[in-house]
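Engineer: Sending over a structure as structure tokens; questions will come in a sec.
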Amino acid sequence: MSVEIKAVEIKPLRNTFTNVAELIGGDKPASRYQEATLGVQATTNMHYRPTWEPEFELFDPRRSAIQMREWYDLKDPRQLYYASWTIQRAKEQETQEANFDFVESRCLHLSLPDHVKKLALDVLLPLRHAAWGANMNNNEFCSRAFSEVLISPAIMQAMDNLGIAQYLTRLGLLLDEPEVLDIAKAQWMTGEAWQPLRHMIEDSFVVRDFMEIFLVQNFVFDGLIYPLIYDRFVDDTLTSQGGSAVAMLTSFMPMWFGQSSKWVDGVLKVAVAESEQNKALISQWTTTWRDRAVAALTPIAAMAFGNNQETMLNEVVEQFNARAKKLGIVA
Amino acid sequence: MDMKVAKKKLGIKERYGHMTRGLGWEPTYQPADAVFPYDKYEGIKIHDWDKWVDPFRLTMDAYWKYQGEKDRKLYAVIEAFAQNNGHLNITDARYLSAIKLFWQGVSPLENYVVQGFARAGRHFRGEASRVACQMQAVDELRHYQTQAHSISNYNKYYNGFHSQRHMWDRVWYLSVPKSFGEDALTAGPFEFLIAISFSFEYVLTNLLFVPFMSGAAYNGDMSTVTFGFSAQSDESRHMTLGIEAIKFLLEQDPANVPIVQGWIDKWFWRGSKVLALVGMMMDYMLPKRVMSWKEAWEIYAEENGGALFRDLARYGIRPPKGWADACEAKDHISHQVWLLFYEYGGAAAFHTWSLTNEELDWLSAKYPDSFDKYYRPRLEFLRDKHARGERVYQSTLPTLCTTCQIPLCFTEPGDPTKISHRETVYEDEKYVFCSVHCQEIFCNEPEKFVQSWLPVNQIYQGNCFNPDVDPTAPDFDPLKAVLEYFKYNLGRDNGEFEGSEDQRNFAMWRGQASKN
Amino acid sequence: MSKVFIIVQANEEARSIVEALLQDNPHAVAQESPAMVRVEAEGKLTLKRATVEDLTGQPFNIQQLHVNLISISGHIDEDDDYLTVEWAN
């Protein structure tokens, strides 16, 4: 039914959509990331006020105290759109899957020294709830955010958080019987060491400013937890005691944290540079939540590192402060 | 090494339970009602969130695996389509009007519900329901973005695609899907779920994607059929979320039944009005037709929806109030909407045209009870006028229904010669409706629907001109000024197909490509 | 009895799914349209993993159905070895 089409030179009438052209300095060829995100969210002539929050318009930048002349400046340096995200994750999950298979088929999980296995389960399994908390915060961020350059990576980040919670769950199911998940949850709910962390995360659930949610979860919480747990606890402490199988089962997490940090830094850097008010507010949020997070992580560091806890935690905080400074944050 | 007993393998259901509901917890440092502030005000009572059933138990690793596979295939087609001038393979440039309307009126809705499902995915108290909503949120992001990437190539060569985002917030006929989407997004999370997942996805979405996309394949549009069917494969999960949601709400408490029934009545009717646009696309805009709107309605709405409502009868749910009227309208709706757009063709950002005898005969055969009697004579009359060089364009502004925002063009049930029209006075203000059902929707929530941004009323109030125009200038042309506010390229995006730039370019390019 | 259906893309991977459905559900019929195949049946349809595996000689995970699925109607029950769609009326 189709005619034989030979290759011909046809001059296009235009290169991209006007909402994209307006944000990239004119009509020129645009990337997939740009066409997927730039200028995409509706901005005007909204019909009804939300019944769940009538004080705001349906799409409303006033849901954050941060102010931007152009919200589309808050781009994702990774330039992820759904297909590039899901194809990249598909590859990474294949590697992670191969790691699970490798550990299981060679019974590496059975040869873990008992004290290493116990330590790994004690520290890592309650963190599946923290990852679920991250998922909640990023869904909230997504649903309240203004401009598609934030909405689009937000929902991908939320799904990544869920994936991580599920990888930790699989780790528990592989290393031991399903009951360990209940034990870890009981620790999360009532174990003394975990209460400051859970308290802090629950307090983050009632934050309504979408940029604050973004910062608290993706910059402060992740920025302290991932280097502490995956770089130092899993890769150093456990591995040096014969627990490298655990590092294989969690290899996704530090790799993911490196990627997500690029996004977080890219957004914060631009928001801070926009105005003194933004800078002050972001600095204040960072200070408050960082200090609280450090206190909340102290008992967990004690569990993970024993006598070494102070060194480890200090290193992580220094690393975090240096990162903040580089972004122009005074904290 | 001491050999331990091999652990029993967990079944998919048990395993999935650990991967979802096992993750959540009841907050104790903050009141649960502060963490989940939105799931009570609609009056829905949930006693046990664990009763939520997850039929498709996708964990994120499997989700990435299968979605990655789908998108690798899809983008290979998109690339090949762009590299090989795949757009020249479509049957006829008239076909593009259907894709323009899809891009202008449907794709933005896909993007709208991303935030709606993220909100539901955060704010329901049950973890399993949340995970299902989140997956739909990220799927909907996929749909918008894959559509943007597929349409991107058409936008380079044809008119009417370029300012979809700008038009969505302003153009008269796009306020129909826009107000539909915003009505759902501004509702509470349970109503949102019934509106989108149940009424739209479960009852109506097959009408949009299945026959229309099959039609795209039939018309040589590999790009659209590929994103369409690829999106539809996610849709199966979404439809399932819809039916699980409704069973769950109905089983939780008998007091939920009347609330849910009200939402089904409202949203079935709202959805069926939005789909009138799809009816026109199928019957009029596909040069090669797969099935008529009426046939699609019979298979996907009447037969499948009928089975569904027989099934829900055990909960005390009856078919939606507008069901009989919507079924009667299957004989009329696509013709009425096409005539509307033909006559207002100067103000639409896609082309309309006169039908050939062969096409008219097809419609006569498909609509034996209505077409020859009510619509063929009018279409032939317009065609004759056009042949005489008097192409008909309406320039008076129509009256819009306050609820669905479609111009009054539908007829009374039982009398296809009489335009249906209802009025209600609310707080000394008169409101007009296209039907008794739209009127009832308004009367149930007048405080919401008095806020409707009705394009025609806004034009009269002077709110639809660019800021730099001077309406007091002697040469001021209000219609032109409005179309400029819509960001139309006048004479290229709108009006008659015959003689349009799209028609010329397609013929020329295809000529170059198929001849030596 | 109400009808249930499963619609898949008309391609190589989905061919074995259609074949398995027709084999395991003698009351089912397949209708072809451009680019798609619709399998419908009164009351109930079951897709069995083992049947697809027998037909292709390859391992099959029920969730692979998602890659080529277009639409589905009825209540769904999915497990490791089967997927069923069914109306209760």
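Labeling convention for the structure tokens: chains A, B, ... as they appear, residues from 1 per chain, ligands from 1 in order of appearance.
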Taking only C-alpha atoms into account and nothing else, which residues of chain B lie no more than 7 Å away from chain A? Please answer as a VMD selection string.
Structural biologist: chain B and resid 1 19 23 to 24 27 29 to 30 34 to 35 38 60 to 61 64 to 65 67 to 68 71 84 89 115 to 116 118 to 119 121 to 122 138 141 to 142 145 148 to 149 152 155 to 157 162 to 163 165 169 179 182 to 183 186 to 188 220 448 451 to 453 513 to 514
Engineer: Write the residues of the preceding selection, restricted to N, CA and C atoms, as a short mmCIF file (atom, residue, chain, number, x, y, z; two decimals), in the first residue's frame.
Structural biologist:
```cif
data_model
loop_
_atom_site.label_atom_id
_atom_site.label_comp_id
_atom_site.auth_asym_id
_atom_site.auth_seq_id
_atom_site.Cartn_x
_atom_site.Cartn_y
_atom_site.Cartn_z
N MET B 1 32.28 -25.44 54.39
CA MET B 1 31.10 -24.59 54.43
C MET B 1 29.88 -25.38 54.88
N MET B 19 7.58 -6.20 48.63
CA MET B 19 8.17 -5.15 47.81
C MET B 19 7.34 -3.86 47.82
N LEU B 23 6.83 -1.92 52.81
CA LEU B 23 7.75 -0.79 52.92
C LEU B 23 7.23 0.34 53.79
N GLY B 24 5.92 0.47 53.84
CA GLY B 24 5.32 1.62 54.51
C GLY B 24 5.19 1.42 56.02
N PRO B 27 2.88 6.55 60.61
CA PRO B 27 3.72 7.55 61.29
C PRO B 27 3.29 7.76 62.75
N TYR B 29 5.44 10.21 64.76
CA TYR B 29 5.96 11.52 65.18
C TYR B 29 5.15 12.66 64.59
N GLN B 30 4.44 12.36 63.54
CA GLN B 30 3.50 13.32 62.96
C GLN B 30 2.14 12.62 62.90
N ALA B 34 -1.89 14.56 59.17
CA ALA B 34 -1.04 15.65 58.65
C ALA B 34 -0.17 15.14 57.51
N VAL B 35 0.22 13.87 57.60
CA VAL B 35 1.04 13.27 56.54
C VAL B 35 0.17 12.97 55.31
N TYR B 38 -5.29 14.58 52.45
CA TYR B 38 -6.30 14.74 51.40
C TYR B 38 -7.24 13.55 51.22
N MET B 60 10.09 -2.66 40.36
CA MET B 60 10.79 -1.69 39.51
C MET B 60 11.80 -2.35 38.59
N ASP B 61 12.46 -3.41 39.05
CA ASP B 61 13.44 -4.05 38.17
C ASP B 61 12.76 -4.60 36.91
N TRP B 64 11.56 -1.62 34.69
CA TRP B 64 12.63 -1.07 33.84
C TRP B 64 12.94 -2.00 32.68
N LYS B 65 12.99 -3.28 32.97
CA LYS B 65 13.33 -4.25 31.93
C LYS B 65 12.34 -4.18 30.76
N GLN B 67 9.88 -1.90 30.15
CA GLN B 67 9.70 -0.57 29.55
C GLN B 67 10.91 -0.20 28.70
N GLY B 68 12.09 -0.60 29.17
CA GLY B 68 13.29 -0.34 28.38
C GLY B 68 13.21 -1.03 27.03
N ASP B 71 10.76 0.82 24.80
CA ASP B 71 11.23 2.10 24.27
C ASP B 71 12.38 1.94 23.29
N ASN B 84 13.90 8.29 6.96
CA ASN B 84 13.44 7.86 5.64
C ASN B 84 12.23 8.65 5.15
N ASN B 89 4.81 8.43 3.53
CA ASN B 89 4.12 7.15 3.35
C ASN B 89 2.65 7.18 3.76
N GLN B 115 1.13 14.72 37.27
CA GLN B 115 1.10 15.29 38.62
C GLN B 115 -0.08 14.76 39.43
N GLY B 116 -1.19 14.49 38.76
CA GLY B 116 -2.35 13.94 39.47
C GLY B 116 -2.05 12.57 40.06
N ALA B 118 0.97 11.39 40.65
CA ALA B 118 2.01 11.53 41.67
C ALA B 118 1.36 11.94 43.00
N ARG B 119 0.36 12.80 42.92
CA ARG B 119 -0.33 13.22 44.15
C ARG B 119 -1.06 12.04 44.78
N GLY B 121 -0.34 9.00 44.27
CA GLY B 121 0.71 8.05 44.63
C GLY B 121 1.45 8.45 45.90
N ARG B 122 1.26 9.67 46.33
CA ARG B 122 1.84 10.11 47.60
C ARG B 122 0.79 10.08 48.71
N VAL B 138 4.49 7.83 36.04
CA VAL B 138 5.70 7.83 35.20
C VAL B 138 5.37 7.31 33.79
N LEU B 141 4.07 10.23 31.86
CA LEU B 141 5.19 11.05 31.41
C LEU B 141 5.75 10.47 30.12
N ARG B 142 5.87 9.15 30.10
CA ARG B 142 6.33 8.45 28.89
C ARG B 142 5.45 8.79 27.70
N GLN B 145 5.95 12.31 26.39
CA GLN B 145 7.27 12.52 25.79
C GLN B 145 7.45 11.71 24.50
N ALA B 148 5.64 13.63 21.91
CA ALA B 148 6.41 14.80 21.48
C ALA B 148 7.50 14.39 20.49
N HIS B 149 8.17 13.27 20.78
CA HIS B 149 9.26 12.85 19.91
C HIS B 149 8.77 12.28 18.58
N SER B 152 7.40 15.36 16.62
CA SER B 152 8.48 16.29 16.30
C SER B 152 8.80 16.31 14.80
N ASN B 155 6.07 18.01 12.84
CA ASN B 155 6.12 19.45 13.08
C ASN B 155 7.13 20.14 12.16
N LYS B 156 8.17 19.43 11.81
CA LYS B 156 9.18 20.04 10.96
C LYS B 156 8.65 20.33 9.56
N TYR B 157 7.69 19.53 9.11
CA TYR B 157 7.26 19.62 7.70
C TYR B 157 5.84 20.13 7.49
N HIS B 162 3.04 23.29 15.66
CA HIS B 162 4.16 24.03 16.26
C HIS B 162 3.91 24.62 17.63
N SER B 163 2.66 25.08 17.89
CA SER B 163 2.44 25.81 19.14
C SER B 163 1.40 25.12 20.02
N ARG B 165 1.52 23.76 22.85
CA ARG B 165 1.50 24.13 24.27
C ARG B 165 0.81 25.48 24.46
N ASP B 169 -3.60 26.36 26.24
CA ASP B 169 -4.07 27.27 27.29
C ASP B 169 -5.03 28.33 26.77
N SER B 179 -10.35 21.71 30.25
CA SER B 179 -11.22 21.82 31.42
C SER B 179 -11.54 20.44 31.99
N GLU B 182 -8.45 19.57 34.02
CA GLU B 182 -8.31 20.39 35.23
C GLU B 182 -9.43 20.09 36.23
N ASP B 183 -10.58 19.71 35.72
CA ASP B 183 -11.66 19.29 36.62
C ASP B 183 -11.20 18.07 37.44
N THR B 186 -8.22 19.02 39.92
CA THR B 186 -8.58 19.85 41.07
C THR B 186 -9.52 19.11 42.03
N ALA B 187 -9.98 17.94 41.62
CA ALA B 187 -10.83 17.13 42.50
C ALA B 187 -9.96 16.42 43.54
N GLY B 188 -10.60 15.81 44.53
CA GLY B 188 -9.85 15.03 45.51
C GLY B 188 -9.27 13.79 44.88
N GLY B 220 -0.82 4.18 6.93
CA GLY B 220 0.61 4.25 6.65
C GLY B 220 1.43 5.04 7.65
N LYS B 448 -17.75 25.17 41.72
CA LYS B 448 -16.61 24.83 40.86
C LYS B 448 -16.82 25.34 39.44
N GLN B 451 -16.41 28.85 37.84
CA GLN B 451 -15.04 29.31 37.56
C GLN B 451 -14.59 29.02 36.13
N SER B 452 -15.37 28.25 35.37
CA SER B 452 -14.95 27.84 34.03
C SER B 452 -14.43 29.02 33.21
N TRP B 453 -13.27 28.81 32.60
CA TRP B 453 -12.70 29.83 31.70
C TRP B 453 -13.24 29.53 30.30
N ALA B 513 9.78 12.24 -4.40
CA ALA B 513 10.29 11.01 -3.81
C ALA B 513 9.92 9.78 -4.61
N SER B 514 8.83 9.84 -5.36
CA SER B 514 8.39 8.62 -6.02
C SER B 514 8.64 8.64 -7.53
#
```
Engineer: Set the cut-off to 9 Å and count only C-alpha atoms: what are the residues of chain B that reach chain C? Output as a PDB file with N, CA and C atoms, in the first residue's frame.
Structural biologist:
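Saved file result.pdb follows:
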```
ATOM      1  N   GLY B  11       6.312 -17.061  46.201  1.00  0.00           N
ATOM      2  CA  GLY B  11       5.443 -16.861  45.046  1.00  0.00           C
ATOM      3  C   GLY B  11       5.370 -15.378  44.714  1.00  0.00           C
ATOM      4  N   ILE B  12       4.890 -15.103  43.512  1.00  0.00           N
ATOM      5  CA  ILE B  12       4.880 -13.723  43.026  1.00  0.00           C
ATOM      6  C   ILE B  12       4.037 -12.804  43.933  1.00  0.00           C
ATOM      7  N   LYS B  13       2.935 -13.323  44.463  1.00  0.00           N
ATOM      8  CA  LYS B  13       2.048 -12.481  45.271  1.00  0.00           C
ATOM      9  C   LYS B  13       2.705 -12.099  46.598  1.00  0.00           C
ATOM     10  N   PRO B  55      -3.228  -6.666  40.636  1.00  0.00           N
ATOM     11  CA  PRO B  55      -3.259  -7.771  39.673  1.00  0.00           C
ATOM     12  C   PRO B  55      -1.936  -7.920  38.928  1.00  0.00           C
ATOM     13  N   PHE B  56      -1.336  -6.814  38.496  1.00  0.00           N
ATOM     14  CA  PHE B  56      -0.041  -6.908  37.826  1.00  0.00           C
ATOM     15  C   PHE B  56       1.014  -6.558  38.855  1.00  0.00           C
ATOM     16  N   ARG B  57       1.851  -7.508  39.180  1.00  0.00           N
ATOM     17  CA  ARG B  57       2.787  -7.240  40.282  1.00  0.00           C
ATOM     18  C   ARG B  57       4.151  -6.893  39.735  1.00  0.00           C
ATOM     19  N   LEU B  58       4.244  -5.715  39.195  1.00  0.00           N
ATOM     20  CA  LEU B  58       5.510  -5.288  38.621  1.00  0.00           C
ATOM     21  C   LEU B  58       6.363  -4.626  39.683  1.00  0.00           C
ATOM     22  N   ALA B  62      11.606  -5.261  37.110  1.00  0.00           N
ATOM     23  CA  ALA B  62      10.884  -5.783  35.940  1.00  0.00           C
ATOM     24  C   ALA B  62      10.308  -4.634  35.120  1.00  0.00           C
ATOM     25  N   TYR B  66      11.060  -4.274  31.079  1.00  0.00           N
ATOM     26  CA  TYR B  66      10.063  -4.326  29.999  1.00  0.00           C
ATOM     27  C   TYR B  66       9.869  -2.959  29.345  1.00  0.00           C
ATOM     28  N   GLN B  67       9.882  -1.903  30.149  1.00  0.00           N
ATOM     29  CA  GLN B  67       9.699  -0.575  29.553  1.00  0.00           C
ATOM     30  C   GLN B  67      10.914  -0.205  28.697  1.00  0.00           C
ATOM     31  N   GLU B  69      12.717  -2.262  27.061  1.00  0.00           N
ATOM     32  CA  GLU B  69      12.565  -3.030  25.822  1.00  0.00           C
ATOM     33  C   GLU B  69      11.568  -2.342  24.880  1.00  0.00           C
ATOM     34  N   LYS B  70      10.451  -1.892  25.451  1.00  0.00           N
ATOM     35  CA  LYS B  70       9.446  -1.206  24.631  1.00  0.00           C
ATOM     36  C   LYS B  70      10.022   0.055  24.007  1.00  0.00           C
ATOM     37  N   TYR B 202     -10.711   2.954  31.836  1.00  0.00           N
ATOM     38  CA  TYR B 202     -11.343   1.641  31.710  1.00  0.00           C
ATOM     39  C   TYR B 202     -12.495   1.648  30.710  1.00  0.00           C
ATOM     40  N   ASN B 206     -10.142   2.611  25.278  1.00  0.00           N
ATOM     41  CA  ASN B 206     -10.036   1.704  24.135  1.00  0.00           C
ATOM     42  C   ASN B 206     -10.552   2.351  22.863  1.00  0.00           C
ATOM     43  N   PHE B 209      -7.614   4.586  21.610  1.00  0.00           N
ATOM     44  CA  PHE B 209      -6.367   4.006  21.154  1.00  0.00           C
ATOM     45  C   PHE B 209      -6.533   2.827  20.205  1.00  0.00           C
ATOM     46  N   VAL B 210      -7.467   1.959  20.467  1.00  0.00           N
ATOM     47  CA  VAL B 210      -7.474   0.733  19.678  1.00  0.00           C
ATOM     48  C   VAL B 210      -7.919   0.964  18.233  1.00  0.00           C
ATOM     49  N   PRO B 211      -9.158   1.418  17.985  1.00  0.00           N
ATOM     50  CA  PRO B 211      -9.544   1.570  16.571  1.00  0.00           C
ATOM     51  C   PRO B 211      -8.833   2.727  15.883  1.00  0.00           C
ATOM     52  N   MET B 213      -5.764   3.907  16.481  1.00  0.00           N
ATOM     53  CA  MET B 213      -4.378   3.586  16.169  1.00  0.00           C
ATOM     54  C   MET B 213      -4.282   2.525  15.074  1.00  0.00           C
ATOM     55  N   SER B 214      -5.233   1.613  15.090  1.00  0.00           N
ATOM     56  CA  SER B 214      -5.274   0.656  14.002  1.00  0.00           C
ATOM     57  C   SER B 214      -5.508   1.416  12.684  1.00  0.00           C
ATOM     58  N   GLY B 215      -6.307   2.477  12.778  1.00  0.00           N
ATOM     59  CA  GLY B 215      -6.538   3.343  11.621  1.00  0.00           C
ATOM     60  C   GLY B 215      -5.266   4.043  11.173  1.00  0.00           C
ATOM     61  N   ALA B 216      -4.440   4.440  12.149  1.00  0.00           N
ATOM     62  CA  ALA B 216      -3.161   5.071  11.800  1.00  0.00           C
ATOM     63  C   ALA B 216      -2.299   4.084  11.013  1.00  0.00           C
ATOM     64  N   ALA B 217      -2.294   2.825  11.434  1.00  0.00           N
ATOM     65  CA  ALA B 217      -1.519   1.806  10.720  1.00  0.00           C
ATOM     66  C   ALA B 217      -2.049   1.665   9.297  1.00  0.00           C
ATOM     67  N   TYR B 218      -3.362   1.658   9.194  1.00  0.00           N
ATOM     68  CA  TYR B 218      -4.015   1.479   7.900  1.00  0.00           C
ATOM     69  C   TYR B 218      -3.704   2.639   6.961  1.00  0.00           C
ATOM     70  N   VAL B 225       1.245   4.797  14.977  1.00  0.00           N
ATOM     71  CA  VAL B 225       0.745   3.498  15.414  1.00  0.00           C
ATOM     72  C   VAL B 225       1.721   2.888  16.427  1.00  0.00           C
ATOM     73  N   PHE B 229       0.265   2.139  20.087  1.00  0.00           N
ATOM     74  CA  PHE B 229       0.148   0.800  20.663  1.00  0.00           C
ATOM     75  C   PHE B 229       1.115   0.612  21.824  1.00  0.00           C
ATOM     76  N   SER B 230       2.257   1.294  21.737  1.00  0.00           N
ATOM     77  CA  SER B 230       3.214   1.177  22.824  1.00  0.00           C
ATOM     78  C   SER B 230       2.647   1.830  24.090  1.00  0.00           C
ATOM     79  N   ALA B 231       1.979   2.955  23.917  1.00  0.00           N
ATOM     80  CA  ALA B 231       1.312   3.593  25.061  1.00  0.00           C
ATOM     81  C   ALA B 231       0.188   2.702  25.571  1.00  0.00           C
ATOM     82  N   GLN B 232      -0.522   2.099  24.621  1.00  0.00           N
ATOM     83  CA  GLN B 232      -1.672   1.294  25.011  1.00  0.00           C
ATOM     84  C   GLN B 232      -1.252   0.074  25.844  1.00  0.00           C
ATOM     85  N   SER B 233      -0.024  -0.399  25.629  1.00  0.00           N
ATOM     86  CA  SER B 233       0.419  -1.544  26.434  1.00  0.00           C
ATOM     87  C   SER B 233       0.539  -1.137  27.911  1.00  0.00           C
ATOM     88  N   ASP B 234       0.832   0.132  28.191  1.00  0.00           N
ATOM     89  CA  ASP B 234       0.790   0.610  29.580  1.00  0.00           C
ATOM     90  C   ASP B 234      -0.656   0.774  30.023  1.00  0.00           C
ATOM     91  N   GLU B 235      -1.482   1.166  29.060  1.00  0.00           N
ATOM     92  CA  GLU B 235      -2.890   1.430  29.334  1.00  0.00           C
ATOM     93  C   GLU B 235      -3.567   0.206  29.959  1.00  0.00           C
ATOM     94  N   SER B 236      -3.136  -0.977  29.557  1.00  0.00           N
ATOM     95  CA  SER B 236      -3.741  -2.186  30.119  1.00  0.00           C
ATOM     96  C   SER B 236      -3.525  -2.225  31.628  1.00  0.00           C
ATOM     97  N   ARG B 237      -2.354  -1.806  32.062  1.00  0.00           N
ATOM     98  CA  ARG B 237      -2.125  -1.720  33.510  1.00  0.00           C
ATOM     99  C   ARG B 237      -2.998  -0.637  34.123  1.00  0.00           C
ATOM    100  N   MET B 239      -5.896   0.513  33.049  1.00  0.00           N
ATOM    101  CA  MET B 239      -7.300   0.101  33.099  1.00  0.00           C
ATOM    102  C   MET B 239      -7.516  -0.817  34.287  1.00  0.00           C
ATOM    103  N   THR B 240      -6.544  -1.655  34.533  1.00  0.00           N
ATOM    104  CA  THR B 240      -6.658  -2.582  35.645  1.00  0.00           C
ATOM    105  C   THR B 240      -6.642  -1.835  36.970  1.00  0.00           C
ATOM    106  N   ILE B 243     -10.216  -0.618  37.459  1.00  0.00           N
ATOM    107  CA  ILE B 243     -11.240  -1.568  37.911  1.00  0.00           C
ATOM    108  C   ILE B 243     -10.945  -2.050  39.331  1.00  0.00           C
ATOM    109  N   GLU B 244      -9.673  -2.162  39.681  1.00  0.00           N
ATOM    110  CA  GLU B 244      -9.354  -2.528  41.064  1.00  0.00           C
ATOM    111  C   GLU B 244      -9.757  -1.415  42.015  1.00  0.00           C
ATOM    112  N   VAL B 290     -10.973   2.205   9.098  1.00  0.00           N
ATOM    113  CA  VAL B 290     -10.989   0.829   9.591  1.00  0.00           C
ATOM    114  C   VAL B 290     -12.380   0.434  10.054  1.00  0.00           C
ATOM    115  N   GLU B 303     -20.611  -3.053  24.355  1.00  0.00           N
ATOM    116  CA  GLU B 303     -20.408  -4.458  24.698  1.00  0.00           C
ATOM    117  C   GLU B 303     -19.525  -4.605  25.934  1.00  0.00           C
ATOM    118  N   ASN B 304     -18.363  -3.947  25.872  1.00  0.00           N
ATOM    119  CA  ASN B 304     -17.415  -4.098  26.972  1.00  0.00           C
ATOM    120  C   ASN B 304     -17.885  -3.370  28.227  1.00  0.00           C
ATOM    121  N   GLY B 306     -20.924  -2.658  28.884  1.00  0.00           N
ATOM    122  CA  GLY B 306     -22.111  -3.376  29.354  1.00  0.00           C
ATOM    123  C   GLY B 306     -21.725  -4.521  30.271  1.00  0.00           C
ATOM    124  N   ALA B 307     -20.711  -5.288  29.863  1.00  0.00           N
ATOM    125  CA  ALA B 307     -20.226  -6.397  30.692  1.00  0.00           C
ATOM    126  C   ALA B 307     -19.754  -5.871  32.039  1.00  0.00           C
ATOM    127  N   LEU B 308     -19.060  -4.750  31.989  1.00  0.00           N
ATOM    128  CA  LEU B 308     -18.537  -4.158  33.218  1.00  0.00           C
ATOM    129  C   LEU B 308     -19.667  -3.769  34.170  1.00  0.00           C
ATOM    130  N   ARG B 310     -22.756  -4.803  34.230  1.00  0.00           N
ATOM    131  CA  ARG B 310     -23.446  -5.996  34.751  1.00  0.00           C
ATOM    132  C   ARG B 310     -22.659  -6.566  35.924  1.00  0.00           C
ATOM    133  N   ASP B 311     -21.356  -6.510  35.801  1.00  0.00           N
ATOM    134  CA  ASP B 311     -20.488  -7.028  36.860  1.00  0.00           C
ATOM    135  C   ASP B 311     -20.580  -6.187  38.137  1.00  0.00           C
TER     136      ASP B 311
END
```
Engineer: Could you name the residues that touch Gly414 in chain B at 10 Å or less, counting only C-alpha atoms, but leaving out those on the same chain fewer than 2 positions away, as a PyMOL selection string?
Structural biologist: chain B and resi 325+328-329+411-412+416-418
Engineer: Within 12 Å of Arg232 in chain A, counting only C-alpha atoms, which residues qualify if same-chain residues fewer than 3 places away don't, as a list in words?
Structural biologist: Leu224, Ile225, Tyr226, Pro227, Leu228, Ile229, Asp235, Asp236, Thr237, Leu238, Thr239, Ser240, Ala247, Pro254, Ala301, Ala304, Phe305, Asn308, Gln309, Thr311, Met312, Leu313, Asn314, Glu315 and Val316 of chain A
Engineer: Could the residues in this selection be saved with C-alpha atoms as a PDB file, in the first residue's frame?
Structural biologist:
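Generated file (selection.pdb):
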```pdb
ATOM      1  CA  LEU A 224      24.630  12.217  53.937  1.00  0.00           C
ATOM      2  CA  ILE A 225      23.110   8.724  53.927  1.00  0.00           C
ATOM      3  CA  TYR A 226      24.546   7.386  50.649  1.00  0.00           C
ATOM      4  CA  PRO A 227      28.211   8.281  51.239  1.00  0.00           C
ATOM      5  CA  LEU A 228      27.969   7.072  54.829  1.00  0.00           C
ATOM      6  CA  ILE A 229      26.211   3.794  54.141  1.00  0.00           C
ATOM      7  CA  ASP A 235      32.335  -0.748  50.461  1.00  0.00           C
ATOM      8  CA  ASP A 236      34.845  -0.322  53.311  1.00  0.00           C
ATOM      9  CA  THR A 237      33.668  -1.781  56.591  1.00  0.00           C
ATOM     10  CA  LEU A 238      31.785  -4.826  55.332  1.00  0.00           C
ATOM     11  CA  THR A 239      34.107  -5.575  52.445  1.00  0.00           C
ATOM     12  CA  SER A 240      37.181  -5.542  54.662  1.00  0.00           C
ATOM     13  CA  ALA A 247      28.642  -4.709  47.996  1.00  0.00           C
ATOM     14  CA  PRO A 254      26.312   4.339  44.978  1.00  0.00           C
ATOM     15  CA  ALA A 301      26.994   5.327  62.543  1.00  0.00           C
ATOM     16  CA  ALA A 304      27.795   0.536  61.648  1.00  0.00           C
ATOM     17  CA  PHE A 305      31.316   1.645  62.570  1.00  0.00           C
ATOM     18  CA  ASN A 308      35.282   4.524  64.154  1.00  0.00           C
ATOM     19  CA  GLN A 309      31.934   6.302  64.014  1.00  0.00           C
ATOM     20  CA  THR A 311      35.760   9.761  61.893  1.00  0.00           C
ATOM     21  CA  MET A 312      33.388   8.279  59.384  1.00  0.00           C
ATOM     22  CA  LEU A 313      30.543  10.687  60.081  1.00  0.00           C
ATOM     23  CA  ASN A 314      32.894  13.695  60.143  1.00  0.00           C
ATOM     24  CA  GLU A 315      34.322  12.730  56.788  1.00  0.00           C
ATOM     25  CA  VAL A 316      30.880  12.534  55.310  1.00  0.00           C
TER      26      VAL A 316
END
```
